[in-house]
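Enquirer: Please read through the structure below; I'll follow up with questions.
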Amino acid sequence: MIPIVARILDFIYPAYCQICSTQLSYGKSLCNVCLGKLVPVEAPLCSQCGECFDGDIDSQFTCNNCQGLDFSFNFARAAYRGDKSSRQLIHDFKYSRQIHLAENLATLTSLALEDSRFLPFLKNGILVPVPLHWLRQRKRRFNQSEEIVKHLARQIDMPWANILKRTRNTETQTRYNRKKRLQNLKGAFQLRRNGKALISNKMVILVDDVLTTGSTANECAVVLLENGASKVAVLTLIRG
C-alpha cells in the first residue's frame, strides 16, 4: 500500500490489537507481543487428528481422540493450539462479526501448510470450506471458514470452491462428547450440484477455523470421497 494512503487510513480507521487493544498500523489485527504468545502446533502430535501432546511419546502411544475411530480424512493439521488468545480471535471473528479479521486469520492458518504432507495437495488440489447451515449463516451473515478460504486461496495461489452444504441445522457440538458428536452429524452434509466435477480425482484441503474431535471434518470428508475426491486433508487455524 502507498505509504501516504496507509497513514490516512491509520488516522481515519485506527486498528487495534484484538487481544490487548494496542493501536496498530492499518491492516494488522495483532501486535507483535500478542502474536508471539500464540502457541504453534508442533511435534509431538497425533499424525491422524493433529491432537497436541506434551512430553515424550513412546512406541505404545495411542491418541485418546482417535482411539476406536476410523477417520475418512488422511490427516488434520492446525496452525496454533487452542488457548485463551487464539480462542478470543476466533470468537471475535465469528460472534462479533469482525469479518475484517479474515485476511490475517488466513495468513496465520497458512503456517500449518509448512507440514510436508500438504505438498501433493498444494500441487494438485483444491480448497473447500466447511459449510454452515443456511439458517445459521443468515444469522451470522457470513461463513467464517469460507471467508478464511477466500483469502488463503489468493495468498497461496490455489483454487477453491464452496461445494459443500449443510442440510441439517444440527445442535451446537460443544456440549457433546466424542461419540455423541459423531452421531449428531451423520448425514448432515451434501455436495452441491456443481461439486463433483470440481473435485473428481482431486486432493481436497478441507478448511475450518477450529478442529476439536474431528467429527465435523470427518463427515465432510466422507461426502467428498464418495463424490470422487482422491484424498482429503484438514486444515484449521486452531486445534481445540
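Residues in the C-alpha cells are named by chain (A, B, ... in the order shown) and by number from 1 within that chain; ligands are numbered from 1 in the order shown.
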Extract, using only C-alpha atoms, all DNA, RNA and protein residues at most 6 Å from region 198-211 of chain A, discarding same-chain residues fewer than 3 positions from it, and format them as number ranges by chain.

Expert: A: 121, 125-130, 145, 195, 214, 228-240

Enquirer: Please produce a file of those selected residues containing N, CA and C atoms, as a compact mmCIF listing (two decimals), in the first residue's frame.

Expert:
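Saved to selection_13.txt:
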# COMPACT_ATOMS: atom_id res chain seq x y z
N PHE A 121 -1.01 -32.02 -2.04
CA PHE A 121 -2.32 -31.35 -2.07
C PHE A 121 -2.19 -29.96 -2.69
N GLY A 125 -4.55 -29.86 -5.99
CA GLY A 125 -5.65 -29.85 -5.03
C GLY A 125 -6.55 -28.64 -5.16
N ILE A 126 -7.51 -28.60 -4.25
CA ILE A 126 -8.49 -27.53 -4.21
C ILE A 126 -8.87 -27.30 -2.75
N LEU A 127 -9.09 -26.06 -2.38
CA LEU A 127 -9.52 -25.70 -1.03
C LEU A 127 -11.04 -25.71 -0.97
N VAL A 128 -11.57 -26.31 0.09
CA VAL A 128 -13.02 -26.37 0.28
C VAL A 128 -13.35 -25.98 1.72
N PRO A 129 -14.19 -24.97 1.94
CA PRO A 129 -14.55 -24.59 3.31
C PRO A 129 -15.63 -25.49 3.89
N VAL A 130 -15.58 -25.70 5.20
CA VAL A 130 -16.66 -26.40 5.90
C VAL A 130 -17.87 -25.46 5.93
N SER A 145 -15.40 -19.97 7.79
CA SER A 145 -14.47 -20.84 7.05
C SER A 145 -14.33 -20.39 5.60
N GLY A 195 -20.43 -29.65 -7.67
CA GLY A 195 -19.25 -30.04 -6.92
C GLY A 195 -18.46 -31.21 -7.47
N GLY A 214 -12.80 -33.70 15.46
CA GLY A 214 -12.66 -34.13 14.07
C GLY A 214 -13.94 -34.68 13.49
N GLY A 228 -15.81 -38.50 -5.45
CA GLY A 228 -14.70 -38.50 -6.39
C GLY A 228 -13.38 -37.92 -5.94
N ALA A 229 -13.33 -37.27 -4.78
CA ALA A 229 -12.05 -36.75 -4.30
C ALA A 229 -11.10 -37.91 -4.05
N SER A 230 -9.82 -37.72 -4.38
CA SER A 230 -8.86 -38.81 -4.19
C SER A 230 -8.36 -38.89 -2.76
N LYS A 231 -8.18 -37.73 -2.13
CA LYS A 231 -7.74 -37.67 -0.73
C LYS A 231 -8.29 -36.40 -0.11
N VAL A 232 -8.39 -36.41 1.22
CA VAL A 232 -8.83 -35.22 1.95
C VAL A 232 -7.90 -34.98 3.13
N ALA A 233 -7.38 -33.76 3.22
CA ALA A 233 -6.61 -33.32 4.39
C ALA A 233 -7.38 -32.17 5.03
N VAL A 234 -7.23 -32.01 6.32
CA VAL A 234 -7.97 -30.99 7.05
C VAL A 234 -7.00 -29.92 7.56
N LEU A 235 -7.34 -28.67 7.30
CA LEU A 235 -6.52 -27.53 7.71
C LEU A 235 -7.36 -26.59 8.57
N THR A 236 -6.87 -26.26 9.77
CA THR A 236 -7.59 -25.33 10.63
C THR A 236 -6.62 -24.33 11.26
N LEU A 237 -7.19 -23.23 11.74
CA LEU A 237 -6.37 -22.24 12.43
C LEU A 237 -5.93 -22.76 13.79
N ILE A 238 -6.88 -23.29 14.57
CA ILE A 238 -6.51 -23.78 15.90
C ILE A 238 -6.99 -25.20 16.12
N ARG A 239 -6.29 -25.87 17.01
CA ARG A 239 -6.65 -27.23 17.45
C ARG A 239 -7.24 -27.10 18.83
N GLY A 240 -8.56 -27.35 18.94
CA GLY A 240 -9.25 -27.16 20.20
C GLY A 240 -8.88 -28.20 21.23

Enquirer: Of the candidates A:Asp157, A:Asp83, A:Asp115, A:Glu103, which one gets nearest to Ala43 (chain A) if we count only C-alpha atoms?

Expert: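 Of all the options, A:Asp115 lies closest to Ala43 (chain A).
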
Enquirer: Per DSSP on the backbone, filter region 70-214 of chain A down to the residues in strand (DSSP E or B) and report them as a ChimeraX atom specification.

Expert: /A:75-81,125-129,160,164-166,189-191,203-211

Enquirer: With N, CA and C atoms retained, could you export that selection as a PDB file, in the first residue's frame?

Expert:
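Here's the written file part_9.pdb:
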ATOM      1  N   PHE A  75      -5.294 -36.785   7.115  1.00  0.00           N
ATOM      2  CA  PHE A  75      -4.703 -36.199   8.319  1.00  0.00           C
ATOM      3  C   PHE A  75      -5.310 -34.824   8.545  1.00  0.00           C
ATOM      4  N   ALA A  76      -5.180 -34.337   9.769  1.00  0.00           N
ATOM      5  CA  ALA A  76      -5.634 -32.993  10.121  1.00  0.00           C
ATOM      6  C   ALA A  76      -4.471 -32.235  10.741  1.00  0.00           C
ATOM      7  N   ARG A  77      -4.376 -30.967  10.393  1.00  0.00           N
ATOM      8  CA  ARG A  77      -3.260 -30.157  10.912  1.00  0.00           C
ATOM      9  C   ARG A  77      -3.758 -28.746  11.187  1.00  0.00           C
ATOM     10  N   ALA A  78      -3.449 -28.253  12.369  1.00  0.00           N
ATOM     11  CA  ALA A  78      -3.785 -26.881  12.749  1.00  0.00           C
ATOM     12  C   ALA A  78      -2.516 -26.052  12.856  1.00  0.00           C
ATOM     13  N   ALA A  79      -2.684 -24.745  12.786  1.00  0.00           N
ATOM     14  CA  ALA A  79      -1.531 -23.852  12.898  1.00  0.00           C
ATOM     15  C   ALA A  79      -1.173 -23.579  14.352  1.00  0.00           C
ATOM     16  N   TYR A  80      -2.205 -23.384  15.193  1.00  0.00           N
ATOM     17  CA  TYR A  80      -1.951 -22.998  16.581  1.00  0.00           C
ATOM     18  C   TYR A  80      -2.787 -23.823  17.551  1.00  0.00           C
ATOM     19  N   ARG A  81      -2.283 -23.923  18.764  1.00  0.00           N
ATOM     20  CA  ARG A  81      -3.037 -24.575  19.831  1.00  0.00           C
ATOM     21  C   ARG A  81      -4.197 -23.677  20.259  1.00  0.00           C
ATOM     22  N   GLY A 125      -4.554 -29.858  -5.986  1.00  0.00           N
ATOM     23  CA  GLY A 125      -5.652 -29.851  -5.035  1.00  0.00           C
ATOM     24  C   GLY A 125      -6.554 -28.645  -5.155  1.00  0.00           C
ATOM     25  N   ILE A 126      -7.515 -28.602  -4.248  1.00  0.00           N
ATOM     26  CA  ILE A 126      -8.494 -27.529  -4.208  1.00  0.00           C
ATOM     27  C   ILE A 126      -8.872 -27.301  -2.750  1.00  0.00           C
ATOM     28  N   LEU A 127      -9.086 -26.055  -2.378  1.00  0.00           N
ATOM     29  CA  LEU A 127      -9.518 -25.702  -1.032  1.00  0.00           C
ATOM     30  C   LEU A 127     -11.040 -25.710  -0.965  1.00  0.00           C
ATOM     31  N   VAL A 128     -11.573 -26.314   0.093  1.00  0.00           N
ATOM     32  CA  VAL A 128     -13.024 -26.373   0.282  1.00  0.00           C
ATOM     33  C   VAL A 128     -13.346 -25.982   1.725  1.00  0.00           C
ATOM     34  N   PRO A 129     -14.190 -24.973   1.943  1.00  0.00           N
ATOM     35  CA  PRO A 129     -14.553 -24.594   3.308  1.00  0.00           C
ATOM     36  C   PRO A 129     -15.635 -25.495   3.893  1.00  0.00           C
ATOM     37  N   TRP A 160     -10.288 -22.653  -5.139  1.00  0.00           N
ATOM     38  CA  TRP A 160     -11.175 -23.021  -4.046  1.00  0.00           C
ATOM     39  C   TRP A 160     -12.605 -23.080  -4.572  1.00  0.00           C
ATOM     40  N   LEU A 164     -19.711 -27.715  -0.604  1.00  0.00           N
ATOM     41  CA  LEU A 164     -20.417 -28.499   0.410  1.00  0.00           C
ATOM     42  C   LEU A 164     -21.576 -27.688   0.972  1.00  0.00           C
ATOM     43  N   LYS A 165     -22.655 -28.360   1.309  1.00  0.00           N
ATOM     44  CA  LYS A 165     -23.747 -27.683   2.000  1.00  0.00           C
ATOM     45  C   LYS A 165     -24.187 -28.512   3.201  1.00  0.00           C
ATOM     46  N   ARG A 166     -24.610 -27.800   4.218  1.00  0.00           N
ATOM     47  CA  ARG A 166     -25.081 -28.457   5.439  1.00  0.00           C
ATOM     48  C   ARG A 166     -26.599 -28.563   5.344  1.00  0.00           C
ATOM     49  N   PHE A 189     -24.278 -33.401   5.788  1.00  0.00           N
ATOM     50  CA  PHE A 189     -23.636 -32.671   4.691  1.00  0.00           C
ATOM     51  C   PHE A 189     -23.915 -33.332   3.342  1.00  0.00           C
ATOM     52  N   GLN A 190     -23.989 -32.506   2.311  1.00  0.00           N
ATOM     53  CA  GLN A 190     -24.141 -32.983   0.939  1.00  0.00           C
ATOM     54  C   GLN A 190     -23.260 -32.150   0.017  1.00  0.00           C
ATOM     55  N   LEU A 191     -23.039 -32.688  -1.181  1.00  0.00           N
ATOM     56  CA  LEU A 191     -22.288 -31.949  -2.197  1.00  0.00           C
ATOM     57  C   LEU A 191     -23.258 -31.147  -3.055  1.00  0.00           C
ATOM     58  N   MET A 203      -7.129 -33.802  -4.902  1.00  0.00           N
ATOM     59  CA  MET A 203      -6.858 -33.807  -3.475  1.00  0.00           C
ATOM     60  C   MET A 203      -7.500 -32.563  -2.875  1.00  0.00           C
ATOM     61  N   VAL A 204      -8.270 -32.739  -1.829  1.00  0.00           N
ATOM     62  CA  VAL A 204      -9.022 -31.639  -1.230  1.00  0.00           C
ATOM     63  C   VAL A 204      -8.420 -31.256   0.120  1.00  0.00           C
ATOM     64  N   ILE A 205      -8.193 -29.963   0.299  1.00  0.00           N
ATOM     65  CA  ILE A 205      -7.847 -29.441   1.622  1.00  0.00           C
ATOM     66  C   ILE A 205      -9.112 -28.820   2.190  1.00  0.00           C
ATOM     67  N   LEU A 206      -9.672 -29.475   3.185  1.00  0.00           N
ATOM     68  CA  LEU A 206     -10.891 -29.025   3.844  1.00  0.00           C
ATOM     69  C   LEU A 206     -10.501 -28.022   4.932  1.00  0.00           C
ATOM     70  N   VAL A 207     -11.080 -26.828   4.882  1.00  0.00           N
ATOM     71  CA  VAL A 207     -10.648 -25.744   5.767  1.00  0.00           C
ATOM     72  C   VAL A 207     -11.753 -25.354   6.748  1.00  0.00           C
ATOM     73  N   ASP A 208     -11.369 -25.234   8.022  1.00  0.00           N
ATOM     74  CA  ASP A 208     -12.278 -24.778   9.067  1.00  0.00           C
ATOM     75  C   ASP A 208     -11.490 -23.890  10.025  1.00  0.00           C
ATOM     76  N   ASP A 209     -12.191 -23.223  10.922  1.00  0.00           N
ATOM     77  CA  ASP A 209     -11.486 -22.368  11.875  1.00  0.00           C
ATOM     78  C   ASP A 209     -10.908 -23.166  13.038  1.00  0.00           C
ATOM     79  N   VAL A 210     -11.671 -24.151  13.514  1.00  0.00           N
ATOM     80  CA  VAL A 210     -11.257 -24.929  14.686  1.00  0.00           C
ATOM     81  C   VAL A 210     -11.515 -26.407  14.448  1.00  0.00           C
ATOM     82  N   LEU A 211     -10.617 -27.254  14.916  1.00  0.00           N
ATOM     83  CA  LEU A 211     -10.865 -28.693  14.936  1.00  0.00           C
ATOM     84  C   LEU A 211     -10.781 -29.166  16.378  1.00  0.00           C
TER      85      LEU A 211
END

Enquirer: Just the residues within 12 Å of Lys139 (chain A), please, counting only C-alpha atoms, with nothing from its chain fewer than 3 positions along; format it as a ChimeraX atom specification.

Expert: /A:94-97,132-136,142-143

Enquirer: Could you take the residues named above and write them with C-alpha atoms, as a PDB file, in the first residue's frame?

Expert:
ATOM      1  CA  LYS A  94     -17.384 -15.239  14.397  1.00  0.00           C
ATOM      2  CA  TYR A  95     -19.636 -13.724  17.011  1.00  0.00           C
ATOM      3  CA  SER A  96     -18.678 -10.032  16.939  1.00  0.00           C
ATOM      4  CA  ARG A  97     -18.896 -10.086  13.128  1.00  0.00           C
ATOM      5  CA  LEU A 132     -22.699 -23.573   7.853  1.00  0.00           C
ATOM      6  CA  HIS A 133     -26.394 -24.350   7.674  1.00  0.00           C
ATOM      7  CA  TRP A 134     -28.138 -21.541   5.799  1.00  0.00           C
ATOM      8  CA  LEU A 135     -30.149 -20.526   8.873  1.00  0.00           C
ATOM      9  CA  ARG A 136     -27.014 -20.127  10.972  1.00  0.00           C
ATOM     10  CA  PHE A 142     -21.134 -14.956   6.811  1.00  0.00           C
ATOM     11  CA  ASN A 143     -19.406 -18.335   6.990  1.00  0.00           C
TER      12      ASN A 143
END

Enquirer: For Pro44 (chain A), which of A:Arg168, A:Cys63, A:Asn184, A:Phe71 is the closest residue, counting only C-alpha atoms?

Expert: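 Among the listed residues, the smallest separation from Pro44 (chain A) belongs to A:Cys63.
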
Enquirer: My list of candidates is A:Ile90, A:Asn218, A:Lys150, A:Pro120. Which is closest to Cys49 (chain A) when distances are computed with only C-alpha atoms?

Expert: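 Closest to Cys49 (chain A) of all the choices is A:Asn218.
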
Enquirer: Which residue gives the smallest distance to Asp92 (chain A) among A:Gln23, A:Thr62, A:Ser29, A:Ser47, with only C-alpha atoms counted?

Expert: A:Ser29

Enquirer: From a DSSP calculation on the backbone, collect every residue of region 7-151 of chain A in alpha helix (DSSP H) and output the set as a PyMOL selection string.

Expert: chain A and resi 7-12+32-37+84-95+102-109+119-123+134-140+144-151

Enquirer: For the residues in the current selection, export C-alpha atoms as a PDB file, in the first residue's frame.

Expert:
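Result file follows (out32.pdb):
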ATOM      1  CA  ARG A   7      -1.153   6.905   7.042  1.00  0.00           C
ATOM      2  CA  ILE A   8      -4.515   8.374   6.093  1.00  0.00           C
ATOM      3  CA  LEU A   9      -6.252   5.071   6.809  1.00  0.00           C
ATOM      4  CA  ASP A  10      -4.428   4.801  10.135  1.00  0.00           C
ATOM      5  CA  PHE A  11      -5.879   8.184  11.058  1.00  0.00           C
ATOM      6  CA  ILE A  12      -9.435   7.565   9.840  1.00  0.00           C
ATOM      7  CA  ASN A  32       3.933  -8.471  17.853  1.00  0.00           C
ATOM      8  CA  VAL A  33       3.739  -9.253  21.571  1.00  0.00           C
ATOM      9  CA  CYS A  34       0.352 -10.994  21.335  1.00  0.00           C
ATOM     10  CA  LEU A  35       1.299 -12.708  18.088  1.00  0.00           C
ATOM     11  CA  GLY A  36       4.343 -14.114  19.867  1.00  0.00           C
ATOM     12  CA  LYS A  37       2.117 -15.501  22.613  1.00  0.00           C
ATOM     13  CA  LYS A  84      -7.224 -18.075  25.564  1.00  0.00           C
ATOM     14  CA  SER A  85      -5.670 -15.792  22.942  1.00  0.00           C
ATOM     15  CA  SER A  86      -6.412 -17.891  19.863  1.00  0.00           C
ATOM     16  CA  ARG A  87      -9.958 -18.610  21.030  1.00  0.00           C
ATOM     17  CA  GLN A  88     -10.547 -14.895  21.574  1.00  0.00           C
ATOM     18  CA  LEU A  89      -9.539 -14.242  17.974  1.00  0.00           C
ATOM     19  CA  ILE A  90     -11.991 -16.839  16.689  1.00  0.00           C
ATOM     20  CA  HIS A  91     -14.751 -15.623  18.993  1.00  0.00           C
ATOM     21  CA  ASP A  92     -14.361 -12.003  17.895  1.00  0.00           C
ATOM     22  CA  PHE A  93     -14.292 -13.045  14.249  1.00  0.00           C
ATOM     23  CA  LYS A  94     -17.384 -15.239  14.397  1.00  0.00           C
ATOM     24  CA  TYR A  95     -19.636 -13.724  17.011  1.00  0.00           C
ATOM     25  CA  ALA A 102     -10.376 -12.950   7.788  1.00  0.00           C
ATOM     26  CA  GLU A 103      -7.282 -11.984   5.806  1.00  0.00           C
ATOM     27  CA  ASN A 104      -4.959 -12.051   8.810  1.00  0.00           C
ATOM     28  CA  LEU A 105      -6.521 -15.275  10.093  1.00  0.00           C
ATOM     29  CA  ALA A 106      -5.877 -16.840   6.687  1.00  0.00           C
ATOM     30  CA  THR A 107      -2.228 -15.811   6.945  1.00  0.00           C
ATOM     31  CA  LEU A 108      -1.992 -17.379  10.399  1.00  0.00           C
ATOM     32  CA  THR A 109      -3.705 -20.550   9.166  1.00  0.00           C
ATOM     33  CA  LEU A 119       2.862 -30.731  -0.658  1.00  0.00           C
ATOM     34  CA  PRO A 120       0.951 -33.051  -3.042  1.00  0.00           C
ATOM     35  CA  PHE A 121      -2.318 -31.346  -2.074  1.00  0.00           C
ATOM     36  CA  LEU A 122      -0.869 -27.945  -2.950  1.00  0.00           C
ATOM     37  CA  LYS A 123       0.246 -29.215  -6.372  1.00  0.00           C
ATOM     38  CA  TRP A 134     -28.138 -21.541   5.799  1.00  0.00           C
ATOM     39  CA  LEU A 135     -30.149 -20.526   8.873  1.00  0.00           C
ATOM     40  CA  ARG A 136     -27.014 -20.127  10.972  1.00  0.00           C
ATOM     41  CA  GLN A 137     -25.213 -18.328   8.174  1.00  0.00           C
ATOM     42  CA  ARG A 138     -28.111 -15.910   7.732  1.00  0.00           C
ATOM     43  CA  LYS A 139     -27.966 -15.108  11.442  1.00  0.00           C
ATOM     44  CA  ARG A 140     -24.170 -14.684  11.446  1.00  0.00           C
ATOM     45  CA  GLN A 144     -16.122 -17.887   8.829  1.00  0.00           C
ATOM     46  CA  SER A 145     -14.468 -20.836   7.053  1.00  0.00           C
ATOM     47  CA  GLU A 146     -15.412 -19.520   3.619  1.00  0.00           C
ATOM     48  CA  GLU A 147     -14.028 -16.071   4.421  1.00  0.00           C
ATOM     49  CA  ILE A 148     -10.709 -17.582   5.519  1.00  0.00           C
ATOM     50  CA  VAL A 149     -10.566 -19.734   2.376  1.00  0.00           C
ATOM     51  CA  LYS A 150     -11.156 -16.758   0.058  1.00  0.00           C
ATOM     52  CA  HIS A 151      -8.052 -15.019   1.364  1.00  0.00           C
TER      53      HIS A 151
END

Enquirer: Find the residues around Ser215 (chain A) up to 8 Å (only C-alpha atoms counted), leave out those fewer than 2 positions away in its own chain, and share them as a list in words.

Expert: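 With the cut-off at 8 Å, the set is Arg178, Arg181, Leu182, Leu185, Thr212, Thr213, Ala217, Asn218 and Glu219 of chain A.
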
Enquirer: Any chance you could export the current selection's N, CA and C atoms as a PDB file, in the first residue's frame?

Expert:
ATOM      1  N   ARG A 178     -17.385 -37.104  22.358  1.00  0.00           N
ATOM      2  CA  ARG A 178     -16.936 -37.522  21.027  1.00  0.00           C
ATOM      3  C   ARG A 178     -17.967 -38.394  20.320  1.00  0.00           C
ATOM      4  N   ARG A 181     -21.080 -36.447  19.272  1.00  0.00           N
ATOM      5  CA  ARG A 181     -20.794 -35.526  18.166  1.00  0.00           C
ATOM      6  C   ARG A 181     -20.888 -36.249  16.829  1.00  0.00           C
ATOM      7  N   LEU A 182     -20.311 -37.444  16.771  1.00  0.00           N
ATOM      8  CA  LEU A 182     -20.344 -38.222  15.534  1.00  0.00           C
ATOM      9  C   LEU A 182     -21.773 -38.572  15.140  1.00  0.00           C
ATOM     10  N   LEU A 185     -23.890 -35.623  13.690  1.00  0.00           N
ATOM     11  CA  LEU A 185     -23.536 -35.106  12.365  1.00  0.00           C
ATOM     12  C   LEU A 185     -23.766 -36.085  11.216  1.00  0.00           C
ATOM     13  N   THR A 212     -11.820 -29.839  16.840  1.00  0.00           N
ATOM     14  CA  THR A 212     -11.839 -30.336  18.221  1.00  0.00           C
ATOM     15  C   THR A 212     -11.709 -31.851  18.215  1.00  0.00           C
ATOM     16  N   THR A 213     -12.794 -32.554  17.938  1.00  0.00           N
ATOM     17  CA  THR A 213     -12.713 -34.015  17.878  1.00  0.00           C
ATOM     18  C   THR A 213     -12.476 -34.515  16.455  1.00  0.00           C
ATOM     19  N   ALA A 217     -15.232 -32.523  10.435  1.00  0.00           N
ATOM     20  CA  ALA A 217     -14.326 -32.740   9.301  1.00  0.00           C
ATOM     21  C   ALA A 217     -14.501 -34.132   8.716  1.00  0.00           C
ATOM     22  N   ASN A 218     -14.718 -35.113   9.569  1.00  0.00           N
ATOM     23  CA  ASN A 218     -14.867 -36.485   9.089  1.00  0.00           C
ATOM     24  C   ASN A 218     -16.108 -36.637   8.218  1.00  0.00           C
ATOM     25  N   GLU A 219     -17.222 -36.068   8.654  1.00  0.00           N
ATOM     26  CA  GLU A 219     -18.451 -36.185   7.872  1.00  0.00           C
ATOM     27  C   GLU A 219     -18.326 -35.471   6.530  1.00  0.00           C
TER      28      GLU A 219
END

Enquirer: What separation in Å, quoted to one decimal, exists between CA of Asn227 (chain A) and CA of Gly50 (chain A)?

Expert: 25.0 Å

Enquirer: Between CA of Pro40 (chain A) and CA of Arg117 (chain A), what is the distance in Å, rounded to a tenth?

Expert: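 Separation between CA of Pro40 (chain A) and CA of Arg117 (chain A): 17.1 Å.
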
Enquirer: What does the distance from CA of Lys28 (chain A) to CA of Glu42 (chain A) come to in Å, to one decimal?

Expert: 24.9 Å

Enquirer: Skipping near chain neighbours, those fewer than 6 positions away, what residues fall within 9 Å of Leu30 (chain A) using only C-alpha atoms, listed as a compact mmCIF listing (two decimals) with C-alpha atoms, in the first residue's frame?

Expert:
# COMPACT_ATOMS: atom_id res chain seq x y z
CA TYR A 16 -6.17 -2.14 17.43
CA CYS A 17 -4.80 -5.45 18.61
CA GLN A 18 -7.69 -7.88 19.05
CA ILE A 19 -6.19 -9.19 22.26
CA CYS A 20 -4.59 -6.27 24.14
CA SER A 21 -6.09 -3.25 22.29
CA THR A 22 -2.71 -1.69 21.46
CA LEU A 24 -1.59 -0.83 15.27
CA ASN A 104 -4.96 -12.05 8.81
